[in-house]
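Dumped structure-v1.csv below, it's CSV, C-alpha atoms and all ligand atoms:
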chain,number,residue,atom,x,y,z
C,276,MET,CA,-5.9,69.3,1.7
C,277,ASN,CA,-4.4,69.1,5.2
C,278,ASP,CA,-1.4,66.8,6.1
C,279,ALA,CA,-3.6,64.0,7.4
C,280,ALA,CA,-5.9,64.0,4.4
C,281,LEU,CA,-2.9,64.0,2.1
C,282,ALA,CA,-1.3,61.0,4.0
C,283,HIS,CA,-4.5,59.1,3.8
C,284,THR,CA,-5.1,59.8,0.1
C,285,LEU,CA,-1.5,58.8,-0.9
C,286,ALA,CA,-1.5,55.6,1.2
C,287,GLU,CA,-4.9,54.6,-0.3
C,288,GLN,CA,-4.0,55.4,-3.9
C,289,ALA,CA,-0.6,53.6,-3.7
C,290,GLY,CA,-2.5,50.6,-2.2
C,291,GLN,CA,-5.0,50.5,-5.0
C,292,LEU,CA,-2.1,50.7,-7.5
C,293,LEU,CA,-0.4,47.7,-5.8
C,294,LEU,CA,-3.6,45.7,-5.8
C,295,ARG,CA,-4.1,46.3,-9.6
C,296,LEU,CA,-0.4,45.4,-10.3
C,297,ARG,CA,-0.7,42.2,-8.4
C,298,ALA,CA,-3.9,41.2,-10.2
C,299,ARG,CA,-2.0,41.7,-13.5
C,300,MET,CA,1.2,39.7,-12.5
C,301,PRO,CA,0.3,37.4,-9.6
C,302,GLU,CA,3.0,34.9,-10.1
C,303,ALA,CA,5.9,37.2,-10.8
C,304,GLY,CA,7.6,36.8,-7.4
C,305,LYS,CA,10.5,39.1,-6.9
C,306,ALA,CA,9.8,41.1,-10.1
C,307,LEU,CA,6.3,41.9,-8.7
C,308,GLY,CA,7.9,43.2,-5.5
C,309,ASN,CA,10.4,45.3,-7.3
C,310,GLU,CA,7.8,46.8,-9.6
C,311,GLY,CA,5.4,47.4,-6.7
C,312,ASP,CA,8.1,49.2,-4.7
C,313,ARG,CA,9.0,51.3,-7.7
C,314,LEU,CA,5.6,52.3,-8.9
C,315,ALA,CA,4.1,53.0,-5.4
C,316,ASN,CA,7.1,55.0,-4.5
C,317,ALA,CA,6.8,57.1,-7.6
C,318,LEU,CA,3.1,57.8,-7.1
C,319,ILE,CA,3.6,58.9,-3.5
C,320,LEU,CA,6.8,61.0,-4.1
C,321,ASP,CA,5.5,62.8,-7.3
C,322,ARG,CA,2.5,63.9,-5.4
C,323,LEU,CA,4.4,64.9,-2.2
C,324,ARG,CA,6.9,67.0,-4.2
C,325,ALA,CA,4.1,68.8,-5.9
C,326,GLU,CA,1.9,69.4,-2.8
C,327,ARG,CA,4.6,69.8,-0.1
C,328,PRO,CA,7.7,71.2,-2.0
C,329,ASP,CA,9.2,72.7,1.2
C,330,ASP,CA,9.2,69.4,3.2
C,331,ALA,CA,11.9,66.8,3.2
C,332,ILE,CA,11.3,63.1,2.3
C,333,LEU,CA,12.8,59.9,3.5
C,334,SER,CA,11.6,56.8,1.6
C,335,GLU,CA,12.8,53.2,1.6
C,336,GLU,CA,12.9,53.3,-2.2
C,337,GLU,CA,14.7,56.6,-2.7
C,338,LYS,CA,18.4,57.5,-2.3
C,339,ASP,CA,18.8,59.1,1.1
C,340,ASP,CA,19.7,62.8,1.1
C,341,ALA,CA,21.7,64.0,4.2
C,342,SER,CA,20.3,67.5,3.9
C,343,ARG,CA,17.0,66.2,5.2
C,344,CYS,CA,18.4,66.3,8.8
C,345,ALA,CA,18.1,70.1,8.8
C,346,PHE,CA,14.3,70.0,8.1
C,347,ALA,CA,11.7,70.1,10.9
C,348,ARG,CA,9.1,68.5,8.7
C,349,ILE,CA,9.9,65.2,6.9
C,350,TRP,CA,7.6,62.7,5.2
C,351,VAL,CA,8.7,59.1,6.0
C,352,ILE,CA,7.5,56.6,3.4
C,353,ASP,CA,7.5,52.9,3.0
C,354,PRO,CA,5.7,52.4,-0.3
C,355,LEU,CA,5.3,48.6,0.3
C,356,ASP,CA,5.9,47.2,3.7
C,357,GLY,CA,5.8,43.4,3.7
C,358,THR,CA,7.0,43.0,0.2
C,359,ARG,CA,7.5,39.3,0.6
C,360,GLU,CA,3.9,38.8,1.8
C,361,TYR,CA,2.7,41.0,-1.1
C,362,THR,CA,4.4,38.8,-3.7
C,363,GLU,CA,3.1,35.6,-2.0
C,364,GLY,CA,-0.5,36.7,-2.5
C,365,ARG,CA,-1.1,37.3,1.2
C,366,ASP,CA,-3.1,40.1,2.9
C,367,ASP,CA,-0.4,41.2,5.5
C,368,TRP,CA,1.3,44.0,3.7
C,369,ALA,CA,0.9,47.8,4.0
C,370,VAL,CA,1.6,51.2,2.6
C,371,HIS,CA,3.1,53.7,5.1
C,372,VAL,CA,2.8,57.5,4.7
C,373,ALA,CA,3.9,59.6,7.7
C,374,LEU,CA,4.9,63.1,8.6
C,375,ALA,CA,7.4,63.6,11.4
C,376,ILE,CA,7.7,67.0,12.9
C,377,ASP,CA,10.8,67.8,15.0
C,378,GLY,CA,11.4,64.0,15.3
C,379,VAL,CA,7.8,63.2,16.5
C,380,PRO,CA,5.6,60.9,14.4
C,381,SER,CA,2.8,63.5,14.2
C,382,VAL,CA,0.6,62.4,11.3
C,383,GLY,CA,0.4,59.0,9.6
C,384,ALA,CA,-1.7,56.7,7.4
C,385,VAL,CA,-1.3,53.0,7.0
C,386,ALA,CA,-3.2,51.4,4.2
C,387,LEU,CA,-3.9,47.6,4.4
C,388,PRO,CA,-5.1,47.4,0.8
C,389,ALA,CA,-5.8,43.7,0.7
C,390,LEU,CA,-8.3,44.2,3.6
C,391,GLY,CA,-9.8,47.4,2.0
C,392,LEU,CA,-8.6,49.5,5.1
C,393,VAL,CA,-6.8,52.7,5.6
C,394,LEU,CA,-6.0,53.6,9.3
C,395,SER,CA,-5.0,57.1,10.0
C,396,SER,CA,-3.9,59.3,12.8
C,397,ASP,CA,-6.8,61.8,12.4
C,398,ALA,CA,-9.5,59.2,12.8
C,399,PRO,CA,-8.2,56.1,14.7
C,400,PRO,CA,-10.7,53.5,15.7
C,401,PRO,CA,-11.7,53.2,19.4
C,402,LEU,CA,-9.5,50.7,21.3
C,403,SER,CA,-11.0,47.4,22.5
C,404,SER,CA,-10.0,45.6,25.6
C,405,GLU,CA,-7.1,43.1,25.7
C,406,ALA,CA,-7.9,39.4,25.2
C,407,ASN,CA,-7.1,36.7,27.8
C,408,PRO,CA,-4.8,35.0,27.0
C,409,LEU,CA,-2.9,38.0,25.5
C,410,ARG,CA,-2.2,37.8,21.7
C,411,MET,CA,1.3,38.8,20.7
C,412,LEU,CA,2.4,39.6,17.2
C,413,VAL,CA,5.8,38.4,15.8
C,414,SER,CA,7.4,38.5,12.4
C,415,ARG,CA,6.3,35.4,10.5
C,416,THR,CA,9.8,35.1,8.9
C,417,ARG,CA,12.1,36.3,11.6
C,418,PRO,CA,10.5,36.4,15.0
C,419,ALA,CA,12.6,38.2,17.6
C,420,ALA,CA,14.0,36.0,20.3
C,421,GLU,CA,13.1,38.6,23.0
C,422,ALA,CA,9.5,38.6,21.8
C,423,LEU,CA,9.2,34.8,21.9
C,424,SER,CA,10.6,34.8,25.5
C,425,VAL,CA,8.3,37.6,26.7
C,426,ALA,CA,5.3,35.8,25.1
C,427,GLU,CA,6.2,32.6,27.0
C,428,THR,CA,6.5,34.5,30.3
C,429,LEU,CA,3.1,36.2,29.7
C,430,GLY,CA,1.5,33.0,28.6
C,431,ALA,CA,0.6,34.9,25.4
C,432,THR,CA,-0.6,33.3,22.1
C,433,LEU,CA,1.7,34.0,19.2
C,434,LEU,CA,0.3,35.6,16.1
C,435,PRO,CA,3.0,35.4,13.3
C,436,MET,CA,2.3,38.1,10.7
C,437,GLY,CA,4.2,39.9,7.9
C,438,SER,CA,4.7,43.7,7.7
C,439,ALA,CA,5.4,46.1,10.6
C,440,GLY,CA,2.4,48.2,9.5
C,441,ALA,CA,0.0,45.2,9.4
C,442,LYS,CA,1.2,44.1,12.9
C,443,ALA,CA,0.9,47.6,14.4
C,444,MET,CA,-2.5,48.0,12.9
C,445,ALA,CA,-3.6,44.6,14.2
C,446,VAL,CA,-3.1,46.1,17.7
C,447,VAL,CA,-4.9,49.3,16.8
C,448,ARG,CA,-7.8,47.2,15.3
C,449,GLY,CA,-8.0,45.0,18.4
C,450,GLU,CA,-7.0,41.9,16.5
C,451,ALA,CA,-3.9,41.5,18.8
C,452,ASP,CA,-2.6,43.0,22.0
C,453,ILE,CA,1.2,43.4,21.8
C,454,TYR,CA,3.7,44.1,19.0
C,455,LEU,CA,7.2,43.7,20.4
C,456,HIS,CA,10.1,43.8,17.9
C,457,THR,CA,13.9,43.8,18.3
C,458,GLY,CA,16.8,43.3,16.1
C,459,GLY,CA,16.2,45.5,13.1
C,460,GLN,CA,13.9,48.0,11.3
C,461,TYR,CA,14.3,51.4,9.7
C,462,GLU,CA,12.4,54.6,10.3
C,463,TRP,CA,10.1,53.9,7.3
C,464,ASP,CA,9.0,50.6,8.7
C,465,ASN,CA,7.6,52.1,11.9
C,466,CYS,CA,6.9,55.9,11.5
C,467,ALA,CA,3.4,55.8,10.1
C,468,PRO,CA,2.4,52.8,12.2
C,469,ALA,CA,3.7,54.7,15.3
C,470,ALA,CA,1.8,57.8,14.4
C,471,VAL,CA,-1.5,55.9,14.0
C,472,ALA,CA,-0.9,53.9,17.2
C,473,ILE,CA,-0.1,57.0,19.3
C,474,ALA,CA,-3.2,58.7,18.0
C,475,ALA,CA,-5.3,55.6,18.9
C,476,GLY,CA,-4.1,56.0,22.5
C,477,LEU,CA,-1.7,53.1,22.6
C,478,HIS,CA,1.7,52.9,24.3
C,479,VAL,CA,4.5,53.3,21.6
C,480,SER,CA,8.2,53.3,22.5
C,481,ARG,CA,11.6,51.8,22.0
C,482,VAL,CA,12.1,48.6,24.1
C,483,ASP,CA,14.1,50.7,26.6
C,484,GLY,CA,11.0,52.8,27.1
C,485,SER,CA,12.3,55.9,25.3
C,486,PRO,CA,10.3,57.5,22.5
C,487,LEU,CA,10.7,56.7,18.8
C,488,VAL,CA,12.6,59.6,17.3
C,489,TYR,CA,12.6,60.3,13.5
C,490,ASN,CA,14.8,62.1,11.0
C,491,CYS,CA,18.0,60.9,12.6
C,492,ALA,CA,21.1,60.9,10.4
C,493,ASN,CA,21.1,57.1,10.5
C,494,PRO,CA,17.5,55.9,9.8
C,495,TRP,CA,18.1,52.6,11.6
C,496,LEU,CA,15.4,52.3,14.3
C,497,PRO,CA,15.6,48.6,15.3
C,498,ASP,CA,13.1,48.0,18.1
C,499,LEU,CA,9.7,49.0,19.3
C,500,LEU,CA,6.8,48.1,21.6
C,501,ILE,CA,3.2,48.8,20.8
C,502,CYS,CA,0.6,47.8,23.3
C,503,HIS,CA,-2.1,49.1,25.7
C,504,LYS,CA,-0.7,51.7,28.1
C,505,ALA,CA,-1.5,49.7,31.2
C,506,ARG,CA,0.4,46.7,29.9
C,507,ALA,CA,3.6,48.6,28.9
C,508,PRO,CA,5.5,48.7,32.2
C,509,GLN,CA,5.3,44.9,32.6
C,510,VAL,CA,6.5,44.2,29.0
C,511,LEU,CA,9.3,46.7,29.3
C,512,ASP,CA,10.4,45.2,32.6
C,513,LEU,CA,10.4,41.7,31.0
C,514,VAL,CA,12.5,43.0,28.1
C,515,ARG,CA,15.0,44.7,30.4
C,516,ALA,CA,15.4,41.5,32.4
C,517,LEU,CA,16.5,39.8,29.1
C,518,THR,CA,19.0,42.5,28.2
C,519,PRO,CA,22.5,41.9,29.6
C,520,ALA,CA,23.4,44.7,32.0
C,521,GLN,CA,25.9,47.2,30.6
C,522,ASN,CA,29.3,46.9,32.3
C,523,PRO,CA,30.4,50.4,33.1
C,524,GLY,CA,34.0,49.5,33.7
M,1,LIG,N1,16.2,42.5,11.4
M,1,LIG,C1,15.7,43.4,10.5
M,1,LIG,N2,16.6,44.2,9.8
M,1,LIG,C2,16.1,45.1,8.9
M,1,LIG,N3,14.8,45.2,8.6
M,1,LIG,C3,13.9,44.4,9.2
M,1,LIG,C4,14.3,43.5,10.2
M,1,LIG,N4,13.2,42.8,10.6
M,1,LIG,C5,12.2,43.4,10.0
M,1,LIG,N5,12.6,44.3,9.1
M,1,LIG,C6,11.7,45.1,8.2
M,1,LIG,O1,10.5,45.4,8.8
M,1,LIG,C7,9.4,45.1,7.9
M,1,LIG,C8,8.5,44.1,8.6
M,1,LIG,O2,9.3,42.9,8.7
M,1,LIG,P1,8.5,41.5,9.3
M,1,LIG,O3,7.4,41.2,8.3
M,1,LIG,O4,9.6,40.5,9.4
M,1,LIG,O5,8.0,41.9,10.6
M,1,LIG,C9,10.0,44.6,6.6
M,1,LIG,O6,10.0,45.7,5.7
M,1,LIG,P2,9.9,45.6,4.1
M,1,LIG,O7,8.9,44.6,3.7
M,1,LIG,O8,9.5,47.0,3.7
M,1,LIG,O9,11.3,45.3,3.7
M,1,LIG,C10,11.4,44.2,7.0
M,1,LIG,O10,12.4,44.4,6.0
M,2,MG,MG,9.1,48.1,5.5
So, in terms of structure tokens, how does the structure I just supplied come out?
Amino acid sequence: MNDAALAHTLAEQAGQLLLRLRARMPEAGKALGNEGDRLANALILDRLRAERPDDAILSEEEKDDASRCAFARIWVIDPLDGTREYTEGRDDWAVHVALAIDGVPSVGAVALPALGLVLSSDAPPPLSSEANPLRMLVSRTRPAAEALSVAETLGATLLPMGSAGAKAMAVVRGEADIYLHTGGQYEWDNCAPAAVAIAAGLHVSRVDGSPLVYNCANPWLPDLLICHKARAPQVLDLVRALTPAQNPG
């Protein structure tokens, strides 16, 4: 099985496990989230260790191992992104399985199990046109101030949604136009979404316009922009205008 097929299979299987678990204990709240994180992580990591023993792994639910920084190939895993939404019985949660090679999000699969979908970098859907007014995704629990400000300037409609994967895939699927986030995320929150969005032909970057780089010693990767390529310069300019200029002296 090639890397893309493996990512797709693991995201899909973990998603099915999470759906079955939630059907068994729908009211369990935090305990459901913890159990979902643990079981989905075990499923993905057991299989990865068996099938790709020479690759490094970074997972939200696994103790980090500093030796990973020496590896060119690293699987970056979020077994359950949008844990809060998962426990609330909502649809906006995801499973992320990505492979970064030399820091680049090269292969990825994002399962949206409650929607019965797996989006993957080897077969992304065709892009649709932007809507008018633009539709802009923000976190439903902690919308970034910069995103709210940019949305107002663009006259964009706000779409609050949980999960970085669900939001990124909403742009890939043509359900929304811009996902702009600032203030905090880790590599596992955005690596698989970035891989799928790049393969789909979207603009994917940090909010300063630089590329998202993976397998850094510190996995903190706190901001991103995903949108149509033609829209990116305008959004990046608007974010820059909000960022206080650095004082060199
Ligand atoms: N300010 C922040 N600091 C750290 N992580 C953040 C964050 N904002 C969002 N995230 C993480 O990004 C994912 C999507 O968040 P949101 O739904 O608010 O957009 C969540 O992942 P998990 O559900 O895997 O913890 C959340 O923990
Ligand atoms: Mg996450």
Residues within 12 Å of Leu517 of chain C, only C-alpha atoms, excluding chain neighbours under 3 positions, as a count of residues only = 16
Kindly compile the residues surrounding ligand MG 2 (chain M) within 10 Å, counting only C-alpha atoms and all ligand atoms, and format them as a PyMOL selection string.
-> chain C and resi 334-335+352-358+368-371+437-440+460-465
Would you mind listing what lies within 9 Å of Ala406 of chain C as number ranges by chain, with only C-alpha atoms counted and same-chain residues fewer than 6 positions away left out?
-> C: 449, 451-452
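Atom CA of Ala474 of chain C is found 23.9 Å from atom CA of Glu326 of chain C.
Each of C:Arg410, C:Lys442, C:Arg348, C:Arg515 was compared to ligand LIG 1 (chain M) using only C-alpha atoms and all ligand atoms, and C:Lys442 turns out to be the nearest.
Using all atoms listed in the file, the contacts of Ala431 of chain C at a cut-off of 6 Å, with sequence neighbours closer than 2 positions omitted, comprise Pro408, Leu409, Arg410, Ala426 and Leu429 of chain C.
Separating atom CA of His503 of chain C from atom CA of Ala472 of chain C is a distance of 9.8 Å.
Take the candidates C:Asp278, C:Thr432, C:Pro388, C:Tyr489 and check each one against Asn407 of chain C using all atoms listed in the file; the shortest distance goes to C:Thr432.
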